[in-house]
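> Contents of my_file_16.cif (mmCIF, C-alpha atoms) are below:
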data_work
#
loop_
_atom_site.group_PDB
_atom_site.id
_atom_site.type_symbol
_atom_site.label_atom_id
_atom_site.label_comp_id
_atom_site.auth_asym_id
_atom_site.auth_seq_id
_atom_site.Cartn_x
_atom_site.Cartn_y
_atom_site.Cartn_z
ATOM 1 C CA MET A 1 -30.761 -12.476 -39.299
ATOM 2 C CA GLU A 2 -34.227 -11.051 -39.882
ATOM 3 C CA SER A 3 -34.288 -7.400 -39.021
ATOM 4 C CA ASP A 4 -37.511 -7.810 -37.028
ATOM 5 C CA LYS A 5 -35.811 -10.152 -34.624
ATOM 6 C CA ILE A 6 -32.736 -7.987 -34.291
ATOM 7 C CA LYS A 7 -34.882 -4.901 -33.737
ATOM 8 C CA LYS A 8 -36.571 -6.640 -30.849
ATOM 9 C CA LEU A 9 -33.203 -7.635 -29.430
ATOM 10 C CA ILE A 10 -31.963 -4.075 -29.698
ATOM 11 C CA ASN A 11 -35.046 -2.788 -27.906
ATOM 12 C CA SER A 12 -34.608 -5.190 -25.031
ATOM 13 C CA TYR A 13 -30.914 -4.235 -24.999
ATOM 14 C CA PHE A 14 -31.772 -0.607 -24.268
ATOM 15 C CA GLU A 15 -34.173 -1.687 -21.545
ATOM 16 C CA ALA A 16 -31.371 -3.861 -20.116
ATOM 17 C CA GLU A 17 -33.566 -6.935 -20.448
ATOM 18 C CA SER A 18 -31.369 -8.868 -22.863
ATOM 19 C CA THR A 19 -29.073 -11.697 -21.822
ATOM 20 C CA VAL A 20 -25.302 -11.770 -22.328
ATOM 21 C CA ALA A 21 -25.790 -14.257 -25.187
ATOM 22 C CA GLU A 22 -28.344 -12.026 -26.916
ATOM 23 C CA GLU A 23 -26.028 -9.054 -26.631
ATOM 24 C CA LYS A 24 -23.299 -11.089 -28.247
ATOM 25 C CA GLU A 25 -25.705 -11.842 -31.079
ATOM 26 C CA ILE A 26 -26.325 -8.133 -31.582
ATOM 27 C CA ARG A 27 -22.601 -7.398 -31.796
ATOM 28 C CA GLU A 28 -22.135 -10.210 -34.276
ATOM 29 C CA TYR A 29 -24.989 -8.899 -36.399
ATOM 30 C CA PHE A 30 -23.304 -5.511 -36.691
ATOM 31 C CA ARG A 31 -19.950 -7.087 -37.393
ATOM 32 C CA SER A 32 -21.390 -9.169 -40.241
ATOM 33 C CA GLY A 33 -21.662 -6.079 -42.439
ATOM 34 C CA GLU A 34 -25.185 -6.922 -43.608
ATOM 35 C CA VAL A 35 -27.003 -4.360 -41.530
ATOM 36 C CA ALA A 36 -30.488 -3.064 -42.282
ATOM 37 C CA PRO A 37 -30.188 0.622 -43.303
ATOM 38 C CA GLU A 38 -32.439 1.856 -40.493
ATOM 39 C CA LEU A 39 -30.193 0.134 -37.935
ATOM 40 C CA LEU A 40 -26.888 1.467 -39.262
ATOM 41 C CA LYS A 41 -26.958 4.355 -36.792
ATOM 42 C CA TYR A 42 -26.460 1.921 -33.873
ATOM 43 C CA GLY A 43 -23.466 0.308 -35.513
ATOM 44 C CA PRO A 44 -20.722 2.474 -33.957
ATOM 45 C CA MET A 45 -21.955 1.706 -30.446
ATOM 46 C CA PHE A 46 -21.649 -2.063 -30.769
ATOM 47 C CA ASP A 47 -18.489 -1.851 -32.840
ATOM 48 C CA TYR A 48 -16.966 0.292 -30.156
ATOM 49 C CA PHE A 49 -17.654 -2.216 -27.361
ATOM 50 C CA ALA A 50 -16.197 -5.077 -29.392
ATOM 51 C CA HIS A 51 -13.169 -2.927 -30.185
ATOM 52 C CA ALA A 52 -12.734 -1.845 -26.542
ATOM 53 C CA LYS A 53 -12.356 -5.448 -25.431
ATOM 54 C CA GLU A 54 -9.213 -5.895 -27.481
ATOM 55 C CA GLU A 55 -7.067 -3.564 -25.410
ATOM 56 C CA THR A 56 -4.483 -5.330 -23.265
ATOM 57 C CA TYR A 57 -2.274 -4.440 -20.326
ATOM 58 C CA THR A 58 1.354 -4.210 -21.364
ATOM 59 C CA GLY A 59 2.828 -2.984 -18.061
ATOM 60 C CA SER A 60 4.945 -5.075 -15.729
ATOM 61 C CA MET A 61 3.840 -7.832 -13.391
ATOM 62 C CA PRO A 62 4.873 -8.100 -9.723
ATOM 63 C CA ARG A 63 8.235 -9.765 -9.313
ATOM 64 C CA LYS A 64 9.048 -12.687 -7.118
ATOM 65 C CA SER A 65 9.999 -11.164 -3.785
ATOM 66 C CA ARG A 66 11.678 -14.386 -2.728
ATOM 67 C CA ASN A 67 14.471 -13.706 -5.209
ATOM 68 C CA ARG A 68 16.138 -11.414 -2.744
ATOM 69 C CA LYS A 69 16.145 -14.049 -0.030
ATOM 70 C CA LYS A 70 17.656 -16.521 -2.464
ATOM 71 C CA ILE A 71 20.428 -14.115 -3.369
ATOM 72 C CA TYR A 72 21.202 -13.666 0.326
ATOM 73 C CA SER A 73 21.390 -17.406 0.927
ATOM 74 C CA TRP A 74 23.734 -17.828 -2.028
ATOM 75 C CA LEU A 75 25.799 -14.947 -0.736
ATOM 76 C CA SER A 76 26.173 -16.672 2.634
ATOM 77 C CA VAL A 77 27.218 -19.894 0.939
ATOM 78 C CA ALA A 78 29.809 -17.950 -1.045
ATOM 79 C CA ALA A 79 31.016 -16.232 2.142
ATOM 80 C CA VAL A 80 31.466 -19.544 3.970
ATOM 81 C CA ILE A 81 33.424 -20.951 1.040
ATOM 82 C CA GLY A 82 35.529 -17.806 0.935
ATOM 83 C CA ILE A 83 36.353 -17.887 4.632
ATOM 84 C CA GLY A 84 37.104 -21.621 4.526
ATOM 85 C CA LEU A 85 39.394 -21.207 1.571
ATOM 86 C CA GLY A 86 41.107 -18.299 3.271
ATOM 87 C CA MET A 87 41.771 -20.290 6.424
ATOM 88 C CA PHE A 88 43.074 -23.232 4.431
ATOM 89 C CA LEU A 89 45.433 -21.099 2.389
ATOM 90 C CA GLU A 90 46.575 -19.221 5.488
ATOM 91 C CA ASN A 91 47.374 -22.551 7.171
ATOM 92 C CA ARG A 92 49.261 -23.754 4.181
ATOM 93 C CA TYR A 93 51.135 -20.491 3.963
ATOM 94 C CA SER A 94 52.294 -20.589 7.587
ATOM 95 C CA ALA A 95 53.324 -24.240 7.190
ATOM 96 C CA GLN A 96 55.302 -23.252 4.162
ATOM 97 C CA GLN A 97 56.944 -20.440 6.075
ATOM 98 C CA GLU A 98 57.963 -22.795 8.861
ATOM 99 C CA GLU A 99 59.458 -25.157 6.338
ATOM 100 C CA GLN A 100 61.287 -22.281 4.732
ATOM 101 C CA GLU A 101 62.698 -21.187 8.069
ATOM 102 C CA GLN A 102 63.908 -24.687 8.745
ATOM 103 C CA ALA A 103 65.475 -24.846 5.332
ATOM 104 C CA GLN A 104 67.158 -21.506 5.938
ATOM 105 C CA TYR A 105 68.504 -22.797 9.233
ATOM 106 C CA ALA A 106 69.809 -25.949 7.616
ATOM 107 C CA TYR A 107 71.393 -23.888 4.898
ATOM 108 C CA GLN A 108 73.132 -21.635 7.417
ATOM 109 C CA GLU A 109 74.376 -24.630 9.349
ATOM 110 C CA THR A 110 75.659 -26.269 6.218
ATOM 111 C CA ARG A 111 77.352 -23.061 5.191
ATOM 112 C CA LYS A 112 79.023 -22.794 8.580
ATOM 113 C CA ALA A 113 80.213 -26.386 8.304
ATOM 114 C CA LEU A 114 81.498 -25.832 4.810
ATOM 115 C CA GLN A 115 83.232 -22.614 5.842
ATOM 116 C CA LEU A 116 84.930 -24.485 8.648
ATOM 117 C CA LEU A 117 86.032 -27.111 6.230
ATOM 118 C CA ALA A 118 87.185 -24.478 3.780
ATOM 119 C CA SER A 119 89.278 -22.611 6.345
ATOM 120 C CA ASN A 120 90.945 -25.870 7.373
ATOM 121 C CA LEU A 121 91.516 -26.651 3.779
ATOM 122 C CA ASP A 122 93.083 -23.209 3.364
ATOM 123 C CA ARG A 123 95.370 -23.941 6.236
ATOM 124 C CA GLY A 124 96.277 -27.162 4.449
ATOM 125 C CA THR A 125 97.050 -25.405 1.224
ATOM 126 C CA GLU A 126 99.239 -22.890 3.129
ATOM 127 C CA LYS A 127 101.282 -25.790 4.339
ATOM 128 C CA VAL A 128 101.394 -27.172 0.870
ATOM 129 C CA ALA A 129 102.684 -23.760 -0.253
ATOM 130 C CA TYR A 130 105.541 -24.128 2.184
ATOM 131 C CA LEU A 131 106.142 -27.520 0.791
ATOM 132 C CA HIS A 132 106.361 -25.909 -2.621
ATOM 133 C CA GLU A 133 109.015 -23.477 -1.356
ATOM 134 C CA PHE A 134 110.850 -26.437 0.016
ATOM 135 C CA GLU A 135 110.725 -28.188 -3.303
ATOM 136 C CA ILE A 136 112.066 -25.109 -5.106
ATOM 137 C CA ALA A 137 114.951 -25.000 -2.644
ATOM 138 C CA THR A 138 115.804 -28.654 -3.070
ATOM 139 C CA GLU A 139 115.626 -28.349 -6.803
ATOM 140 C CA LYS A 140 118.098 -25.468 -6.656
ATOM 141 C CA ILE A 141 120.418 -27.659 -4.741
ATOM 142 C CA TYR A 142 120.046 -30.559 -7.104
ATOM 143 C CA ASN A 143 120.411 -28.446 -10.262
ATOM 144 C CA ASN A 144 123.563 -26.691 -9.090
ATOM 145 C CA PRO A 145 125.935 -29.458 -8.322
ATOM 146 C CA MET B 1 4.725 -15.886 18.924
ATOM 147 C CA VAL B 2 1.768 -17.729 17.503
ATOM 148 C CA THR B 3 1.329 -18.156 13.769
ATOM 149 C CA ILE B 4 -1.909 -19.445 12.377
ATOM 150 C CA VAL B 5 -1.491 -21.388 9.187
ATOM 151 C CA ASN B 6 -4.819 -21.890 7.508
ATOM 152 C CA GLN B 7 -4.066 -21.718 3.814
ATOM 153 C CA PRO B 8 -0.835 -22.512 2.031
ATOM 154 C CA GLU B 9 0.538 -19.291 0.575
ATOM 155 C CA MET B 10 0.342 -18.855 -3.171
ATOM 156 C CA ASN B 11 3.605 -19.040 -4.981
ATOM 157 C CA GLN B 12 4.590 -16.888 -7.933
ATOM 158 C CA SER B 13 3.235 -19.123 -10.681
ATOM 159 C CA GLU B 14 -0.049 -19.785 -8.904
ATOM 160 C CA PHE B 15 -0.470 -16.074 -8.391
ATOM 161 C CA LEU B 16 0.196 -15.330 -12.050
ATOM 162 C CA GLN B 17 -2.167 -18.092 -13.098
ATOM 163 C CA THR B 18 -4.905 -16.454 -11.064
ATOM 164 C CA VAL B 19 -4.149 -12.916 -12.093
ATOM 165 C CA MET B 20 -3.075 -13.214 -15.753
ATOM 166 C CA PRO B 21 -6.588 -13.730 -17.168
ATOM 167 C CA VAL B 22 -7.831 -10.736 -15.149
ATOM 168 C CA LYS B 23 -5.070 -8.198 -15.706
ATOM 169 C CA ASP B 24 -6.423 -6.934 -19.043
ATOM 170 C CA LYS B 25 -9.870 -6.474 -17.537
ATOM 171 C CA LEU B 26 -8.370 -4.506 -14.655
ATOM 172 C CA TYR B 27 -6.467 -2.336 -17.101
ATOM 173 C CA ARG B 28 -9.500 -1.675 -19.296
ATOM 174 C CA LEU B 29 -11.571 -0.742 -16.272
ATOM 175 C CA ALA B 30 -8.843 1.606 -15.070
ATOM 176 C CA LYS B 31 -8.594 3.170 -18.511
ATOM 177 C CA ARG B 32 -12.350 3.596 -18.690
ATOM 178 C CA LEU B 33 -12.217 5.710 -15.552
ATOM 179 C CA LEU B 34 -8.847 7.440 -15.842
ATOM 180 C CA VAL B 35 -8.823 7.772 -19.674
ATOM 181 C CA SER B 36 -5.046 8.188 -19.947
ATOM 182 C CA LYS B 37 -3.129 5.041 -20.911
ATOM 183 C CA GLU B 38 -0.202 5.851 -18.616
ATOM 184 C CA GLU B 39 -2.380 6.464 -15.606
ATOM 185 C CA ALA B 40 -4.362 3.310 -16.277
ATOM 186 C CA GLU B 41 -1.142 1.292 -16.457
ATOM 187 C CA ASP B 42 0.078 2.820 -13.207
ATOM 188 C CA ALA B 43 -3.204 2.015 -11.503
ATOM 189 C CA THR B 44 -3.191 -1.559 -12.793
ATOM 190 C CA GLN B 45 0.344 -2.052 -11.574
ATOM 191 C CA GLU B 46 -0.556 -0.700 -8.135
ATOM 192 C CA VAL B 47 -3.526 -3.034 -7.882
ATOM 193 C CA LEU B 48 -1.433 -6.017 -8.970
ATOM 194 C CA MET B 49 1.171 -5.146 -6.338
ATOM 195 C CA LYS B 50 -1.516 -4.930 -3.690
ATOM 196 C CA LEU B 51 -2.925 -8.285 -4.764
ATOM 197 C CA TRP B 52 0.564 -9.776 -4.668
ATOM 198 C CA ALA B 53 1.168 -8.374 -1.187
ATOM 199 C CA GLY B 54 -2.168 -9.752 0.006
ATOM 200 C CA LYS B 55 -1.931 -13.069 -1.759
ATOM 201 C CA LYS B 56 -1.938 -14.899 1.570
ATOM 202 C CA ASN B 57 -5.625 -14.135 1.943
ATOM 203 C CA MET B 58 -6.491 -14.574 -1.694
ATOM 204 C CA ALA B 59 -7.703 -18.154 -1.332
ATOM 205 C CA ASN B 60 -10.295 -16.906 1.145
ATOM 206 C CA TYR B 61 -12.088 -14.697 -1.360
ATOM 207 C CA ARG B 62 -15.097 -16.131 -3.099
ATOM 208 C CA SER B 63 -14.027 -14.613 -6.381
ATOM 209 C CA VAL B 64 -10.550 -13.202 -6.819
ATOM 210 C CA GLU B 65 -11.649 -11.618 -10.077
ATOM 211 C CA ALA B 66 -14.551 -9.702 -8.541
ATOM 212 C CA PHE B 67 -12.319 -8.666 -5.664
ATOM 213 C CA ALA B 68 -9.632 -7.390 -8.026
ATOM 214 C CA MET B 69 -12.164 -5.470 -10.120
ATOM 215 C CA THR B 70 -13.627 -3.827 -7.030
ATOM 216 C CA MET B 71 -10.152 -2.912 -5.885
ATOM 217 C CA THR B 72 -9.347 -1.335 -9.253
ATOM 218 C CA LYS B 73 -12.602 0.607 -9.300
ATOM 219 C CA ASN B 74 -12.002 1.974 -5.777
ATOM 220 C CA PHE B 75 -8.401 2.823 -6.535
ATOM 221 C CA CYS B 76 -9.318 4.772 -9.680
ATOM 222 C CA LEU B 77 -12.235 6.597 -8.066
ATOM 223 C CA ASP B 78 -9.944 7.647 -5.203
ATOM 224 C CA ARG B 79 -7.403 8.876 -7.681
ATOM 225 C CA LEU B 80 -10.018 10.892 -9.554
ATOM 226 C CA LYS B 81 -11.244 12.364 -6.284
ATOM 227 C CA SER B 82 -7.784 13.477 -5.191
ATOM 228 C CA LYS B 83 -7.193 14.849 -8.672
ATOM 229 C CA SER B 84 -10.255 17.063 -8.696
ATOM 230 C CA ALA B 85 -9.275 18.240 -5.207
ATOM 231 C CA GLY B 86 -6.081 19.770 -6.613
ATOM 232 C CA ASN B 87 -6.738 22.128 -9.493
ATOM 233 C CA LEU B 88 -3.148 22.306 -10.620
ATOM 234 C CA LYS B 89 -3.018 18.581 -11.151
ATOM 235 C CA LEU B 90 -6.200 18.687 -13.169
ATOM 236 C CA VAL B 91 -4.745 21.270 -15.525
ATOM 237 C CA HIS B 92 -1.630 19.181 -15.877
ATOM 238 C CA THR B 93 -3.456 15.981 -16.844
ATOM 239 C CA ASN B 94 -5.670 17.796 -19.266
ATOM 240 C CA TYR B 95 -2.546 18.966 -20.949
ATOM 241 C CA THR B 96 -0.939 15.530 -21.219
ATOM 242 C CA ASP B 97 -4.169 13.890 -22.322
ATOM 243 C CA SER B 98 -4.681 16.128 -25.296
ATOM 244 C CA SER B 99 -1.119 15.720 -26.506
ATOM 245 C CA SER B 100 -0.411 12.080 -25.742
ATOM 246 C CA SER B 101 -3.101 9.872 -27.160
ATOM 247 C CA LEU B 102 -2.591 9.792 -30.862
ATOM 248 C CA GLN B 103 -4.882 6.799 -30.990
ATOM 249 C CA GLN B 104 -7.714 8.949 -29.716
ATOM 250 C CA GLN B 105 -7.184 11.452 -32.486
ATOM 251 C CA VAL B 106 -7.265 8.697 -35.067
ATOM 252 C CA GLU B 107 -10.384 7.189 -33.510
ATOM 253 C CA ALA B 108 -12.112 10.527 -33.445
ATOM 254 C CA ARG B 109 -12.172 10.562 -37.223
ATOM 255 C CA ASP B 110 -14.479 7.604 -37.546
ATOM 256 C CA SER B 111 -17.806 7.013 -35.906
ATOM 257 C CA VAL B 112 -16.400 4.513 -33.392
ATOM 258 C CA GLY B 113 -14.393 7.462 -32.110
ATOM 259 C CA TRP B 114 -17.632 9.301 -31.444
ATOM 260 C CA VAL B 115 -18.663 6.583 -29.029
ATOM 261 C CA SER B 116 -15.278 6.792 -27.326
ATOM 262 C CA ARG B 117 -15.850 10.513 -26.792
ATOM 263 C CA ILE B 118 -19.393 9.943 -25.611
ATOM 264 C CA MET B 119 -18.194 7.364 -23.073
ATOM 265 C CA GLU B 120 -15.713 9.877 -21.649
ATOM 266 C CA GLU B 121 -18.480 12.349 -20.950
ATOM 267 C CA LEU B 122 -20.679 9.915 -19.006
ATOM 268 C CA PRO B 123 -20.934 9.950 -15.208
ATOM 269 C CA GLU B 124 -18.655 7.426 -13.526
ATOM 270 C CA GLN B 125 -21.345 4.957 -12.539
ATOM 271 C CA GLN B 126 -22.601 4.748 -16.112
ATOM 272 C CA LYS B 127 -19.059 4.242 -17.368
ATOM 273 C CA LEU B 128 -18.669 1.407 -14.897
ATOM 274 C CA VAL B 129 -21.827 -0.510 -15.755
ATOM 275 C CA LEU B 130 -21.224 -0.193 -19.501
ATOM 276 C CA GLN B 131 -17.643 -1.325 -19.140
ATOM 277 C CA LEU B 132 -18.531 -4.320 -16.981
ATOM 278 C CA ARG B 133 -21.498 -5.434 -19.061
ATOM 279 C CA ASP B 134 -21.020 -4.376 -22.671
ATOM 280 C CA VAL B 135 -17.255 -4.784 -22.810
ATOM 281 C CA GLU B 136 -16.491 -7.479 -20.214
ATOM 282 C CA GLU B 137 -19.842 -9.316 -20.383
ATOM 283 C CA TYR B 138 -20.346 -9.948 -16.674
ATOM 284 C CA ASP B 139 -23.803 -10.903 -15.442
ATOM 285 C CA TYR B 140 -25.824 -8.654 -13.162
ATOM 286 C CA GLU B 141 -24.941 -10.554 -9.976
ATOM 287 C CA GLU B 142 -21.217 -10.215 -10.654
ATOM 288 C CA ILE B 143 -21.536 -6.531 -11.489
ATOM 289 C CA GLY B 144 -23.622 -6.046 -8.342
ATOM 290 C CA GLU B 145 -20.856 -7.638 -6.282
ATOM 291 C CA MET B 146 -18.178 -5.471 -7.883
ATOM 292 C CA LEU B 147 -20.080 -2.212 -7.521
ATOM 293 C CA ASP B 148 -21.779 -3.036 -4.238
ATOM 294 C CA MET B 149 -25.244 -2.663 -5.752
ATOM 295 C CA ASN B 150 -28.170 -5.049 -6.011
ATOM 296 C CA PRO B 151 -28.751 -6.621 -9.448
ATOM 297 C CA THR B 152 -31.940 -4.646 -10.056
ATOM 298 C CA ALA B 153 -30.147 -1.375 -9.437
ATOM 299 C CA VAL B 154 -27.439 -2.515 -11.861
ATOM 300 C CA ARG B 155 -30.073 -3.184 -14.508
ATOM 301 C CA VAL B 156 -31.661 0.241 -14.055
ATOM 302 C CA ALA B 157 -28.288 2.004 -14.204
ATOM 303 C CA LEU B 158 -27.299 0.030 -17.283
ATOM 304 C CA SER B 159 -30.486 0.839 -19.171
ATOM 305 C CA ARG B 160 -30.019 4.500 -18.378
ATOM 306 C CA ALA B 161 -26.388 4.418 -19.499
ATOM 307 C CA ARG B 162 -27.174 2.645 -22.795
ATOM 308 C CA LYS B 163 -29.924 5.122 -23.582
ATOM 309 C CA ALA B 164 -27.610 8.021 -22.773
ATOM 310 C CA VAL B 165 -25.056 6.722 -25.267
ATOM 311 C CA ARG B 166 -27.758 6.176 -27.875
ATOM 312 C CA GLU B 167 -29.118 9.678 -27.437
ATOM 313 C CA LYS B 168 -25.732 11.335 -27.833
ATOM 314 C CA LEU B 169 -24.775 9.082 -30.704
ATOM 315 C CA LEU B 170 -27.946 9.907 -32.640
ATOM 316 C CA GLU B 171 -27.355 13.585 -31.931
ATOM 317 C CA LYS B 172 -23.874 13.417 -33.395
ATOM 318 C CA HIS B 173 -25.099 11.190 -36.195
ATOM 319 C CA SER B 174 -27.715 13.665 -37.423
ATOM 320 C CA TYR B 175 -25.317 16.530 -36.818
ATOM 321 C CA GLY B 176 -22.711 14.778 -38.936
ATOM 322 C CA ILE B 177 -25.165 14.237 -41.785
ATOM 323 C CA GLY B 178 -26.856 17.614 -41.630
#
Go ahead and render the structure in this file as structure tokens.

Amino acid sequence: MESDKIKKLINSYFEAESTVAEEKEIREYFRSGEVAPELLKYGPMFDYFAHAKEETYTGSMPRKSRNRKKIYSWLSVAAVIGIGLGMFLENRYSAQQEEQEQAQYAYQETRKALQLLASNLDRGTEKVAYLHEFEIATEKIYNNP
Amino acid sequence: MVTIVNQPEMNQSEFLQTVMPVKDKLYRLAKRLLVSKEEAEDATQEVLMKLWAGKKNMANYRSVEAFAMTMTKNFCLDRLKSKSAGNLKLVHTNYTDSSSSLQQQVEARDSVGWVSRIMEELPEQQKLVLQLRDVEEYDYEEIGEMLDMNPTAVRVALSRARKAVREKLLEKHSYGIG
């Protein structure tokens, strides 16, 4: 760019009469590296503004506040499932217990019946034992003619 | 209870879409006024939180960007005011500033660093107009809206600020050579 034109632009820049586009032109002129020696002193100013625009925010952004609500709704779903499962298992458990009690009862009854049978059987074998004595006696008689 | 529904509330992604292009500008403005990187980040975060909290009304603003910039400016000026009210705090920040910003020390070695120093010494209004025009390239109407000034007043303030930088730069320049 001719230095006459850029000098004019710089003058209107300091009077704040330049447009945004013209100011961009000035910055580009100084960035090009081919700067007229008498204008070099302004270089740092325009370089600085171009440089300042490159800084970025690296902090955090606001988080979704709805997240919390979502967590609560999932928690309630989990709680309902938990309670339901608990009731179901509890039901099953008590049913099982009832069954077990019945089985126990049946077992006791059976045992009683078997014991009865066994004691009668014992009585039977006692009689058979007598019979055995009787046999021994008869054999004695037969073997000692 | 009566609820008036006039505008559908922004959701997270719409909010970010609106705010993402502006966040760096907010941060740079905050840093221009507060100087320290940490404080500027804090201020930016606060402003973003406030915008997020008030996002219901955001669709009603003519320009969210101008609104956010104004908010940042006011927030930082308030912070500076409360800082200069308490002397102890001022001493404390001076201390952290000189030790923390390594980048500043590096910049100070070259001539671009001179301008950085010069900018720090300017009055707040001059900092603001230079930041909004020469760094962010807003037009005079937008700057007027952000700073609550008429465009002519913005132009006058800007010219004064640019000349102030030039004067100090040439001073340092000749001092550096001589």
> Only residues of chain A matter here; which ones have an atom within 10 Å of chain B, counting all atoms listed in the file? Give them as a ChimeraX atom specification.
/A:12-17,19-21,23-24,27,41-66
> Quick check, in Å to one decimal: how far apart do CA of Ser18 in chain A and CA of Leu39 in chain A lie?
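Atom-to-atom, CA of Ser18 in chain A to CA of Leu39 in chain A, that is 17.6 Å.
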> Between CA of Met10 in chain B and CA of Glu145 in chain B, what is the spacing in Å?
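It comes out at 24.2 Å.
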> Between B:Leu122, B:Ala43, B:Leu29, B:Ala153, which has the minimum distance to Arg79 in chain B (counting all atoms listed in the file)?
B:Ala43
> For this structure, which residues satisfy the selection - the PyMOL selection byres ((chain B and resi 57-59) around 12) - when it is evaluated on the file as given? I want them as an MDAnalysis selection string.
chainID B and resid 5:11 14:15 18:19 50:56 60:68
> Measure the distance from CA of Met71 in chain B to CA of Met146 in chain B in Å and round it to one decimal.
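So the two atoms, CA of Met71 in chain B and CA of Met146 in chain B, lie 8.7 Å apart.
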> Complete the atoms of range 64-81 of chain B to N, CA and C atoms and put them out as a PDB file, keeping the file's coordinate frame.

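Contents of the output file result-v5.pdb:
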ATOM      1  N   VAL B  64     -11.716 -14.086  -6.761  1.00  0.00           N
ATOM      2  CA  VAL B  64     -10.550 -13.202  -6.819  1.00  0.00           C
ATOM      3  C   VAL B  64     -10.773 -12.126  -7.882  1.00  0.00           C
ATOM      4  N   GLU B  65     -11.413 -12.545  -8.973  1.00  0.00           N
ATOM      5  CA  GLU B  65     -11.649 -11.618 -10.077  1.00  0.00           C
ATOM      6  C   GLU B  65     -12.527 -10.442  -9.637  1.00  0.00           C
ATOM      7  N   ALA B  66     -13.643 -10.769  -8.993  1.00  0.00           N
ATOM      8  CA  ALA B  66     -14.551  -9.702  -8.541  1.00  0.00           C
ATOM      9  C   ALA B  66     -13.844  -8.801  -7.537  1.00  0.00           C
ATOM     10  N   PHE B  67     -13.062  -9.430  -6.663  1.00  0.00           N
ATOM     11  CA  PHE B  67     -12.319  -8.666  -5.664  1.00  0.00           C
ATOM     12  C   PHE B  67     -11.336  -7.708  -6.328  1.00  0.00           C
ATOM     13  N   ALA B  68     -10.623  -8.211  -7.331  1.00  0.00           N
ATOM     14  CA  ALA B  68      -9.632  -7.390  -8.026  1.00  0.00           C
ATOM     15  C   ALA B  68     -10.300  -6.243  -8.792  1.00  0.00           C
ATOM     16  N   MET B  69     -11.446  -6.513  -9.383  1.00  0.00           N
ATOM     17  CA  MET B  69     -12.164  -5.470 -10.120  1.00  0.00           C
ATOM     18  C   MET B  69     -12.647  -4.377  -9.159  1.00  0.00           C
ATOM     19  N   THR B  70     -13.176  -4.803  -8.028  1.00  0.00           N
ATOM     20  CA  THR B  70     -13.627  -3.827  -7.030  1.00  0.00           C
ATOM     21  C   THR B  70     -12.469  -2.955  -6.565  1.00  0.00           C
ATOM     22  N   MET B  71     -11.336  -3.625  -6.344  1.00  0.00           N
ATOM     23  CA  MET B  71     -10.152  -2.912  -5.885  1.00  0.00           C
ATOM     24  C   MET B  71      -9.718  -1.863  -6.911  1.00  0.00           C
ATOM     25  N   THR B  72      -9.733  -2.250  -8.175  1.00  0.00           N
ATOM     26  CA  THR B  72      -9.347  -1.335  -9.253  1.00  0.00           C
ATOM     27  C   THR B  72     -10.303  -0.152  -9.326  1.00  0.00           C
ATOM     28  N   LYS B  73     -11.591  -0.459  -9.256  1.00  0.00           N
ATOM     29  CA  LYS B  73     -12.602   0.607  -9.300  1.00  0.00           C
ATOM     30  C   LYS B  73     -12.361   1.603  -8.160  1.00  0.00           C
ATOM     31  N   ASN B  74     -12.205   1.090  -6.929  1.00  0.00           N
ATOM     32  CA  ASN B  74     -12.002   1.974  -5.777  1.00  0.00           C
ATOM     33  C   ASN B  74     -10.727   2.796  -5.914  1.00  0.00           C
ATOM     34  N   PHE B  75      -9.683   2.137  -6.373  1.00  0.00           N
ATOM     35  CA  PHE B  75      -8.401   2.823  -6.535  1.00  0.00           C
ATOM     36  C   PHE B  75      -8.533   3.991  -7.518  1.00  0.00           C
ATOM     37  N   CYS B  76      -9.188   3.730  -8.655  1.00  0.00           N
ATOM     38  CA  CYS B  76      -9.318   4.772  -9.680  1.00  0.00           C
ATOM     39  C   CYS B  76     -10.241   5.898  -9.221  1.00  0.00           C
ATOM     40  N   LEU B  77     -11.323   5.554  -8.552  1.00  0.00           N
ATOM     41  CA  LEU B  77     -12.235   6.597  -8.066  1.00  0.00           C
ATOM     42  C   LEU B  77     -11.532   7.485  -7.037  1.00  0.00           C
ATOM     43  N   ASP B  78     -10.738   6.870  -6.178  1.00  0.00           N
ATOM     44  CA  ASP B  78      -9.944   7.647  -5.203  1.00  0.00           C
ATOM     45  C   ASP B  78      -9.002   8.603  -5.919  1.00  0.00           C
ATOM     46  N   ARG B  79      -8.370   8.071  -6.944  1.00  0.00           N
ATOM     47  CA  ARG B  79      -7.403   8.876  -7.681  1.00  0.00           C
ATOM     48  C   ARG B  79      -8.095  10.071  -8.346  1.00  0.00           C
ATOM     49  N   LEU B  80      -9.266   9.811  -8.919  1.00  0.00           N
ATOM     50  CA  LEU B  80     -10.018  10.892  -9.554  1.00  0.00           C
ATOM     51  C   LEU B  80     -10.426  11.940  -8.530  1.00  0.00           C
ATOM     52  N   LYS B  81     -10.811  11.456  -7.351  1.00  0.00           N
ATOM     53  CA  LYS B  81     -11.244  12.364  -6.284  1.00  0.00           C
ATOM     54  C   LYS B  81     -10.084  13.261  -5.866  1.00  0.00           C
TER      55      LYS B  81
END
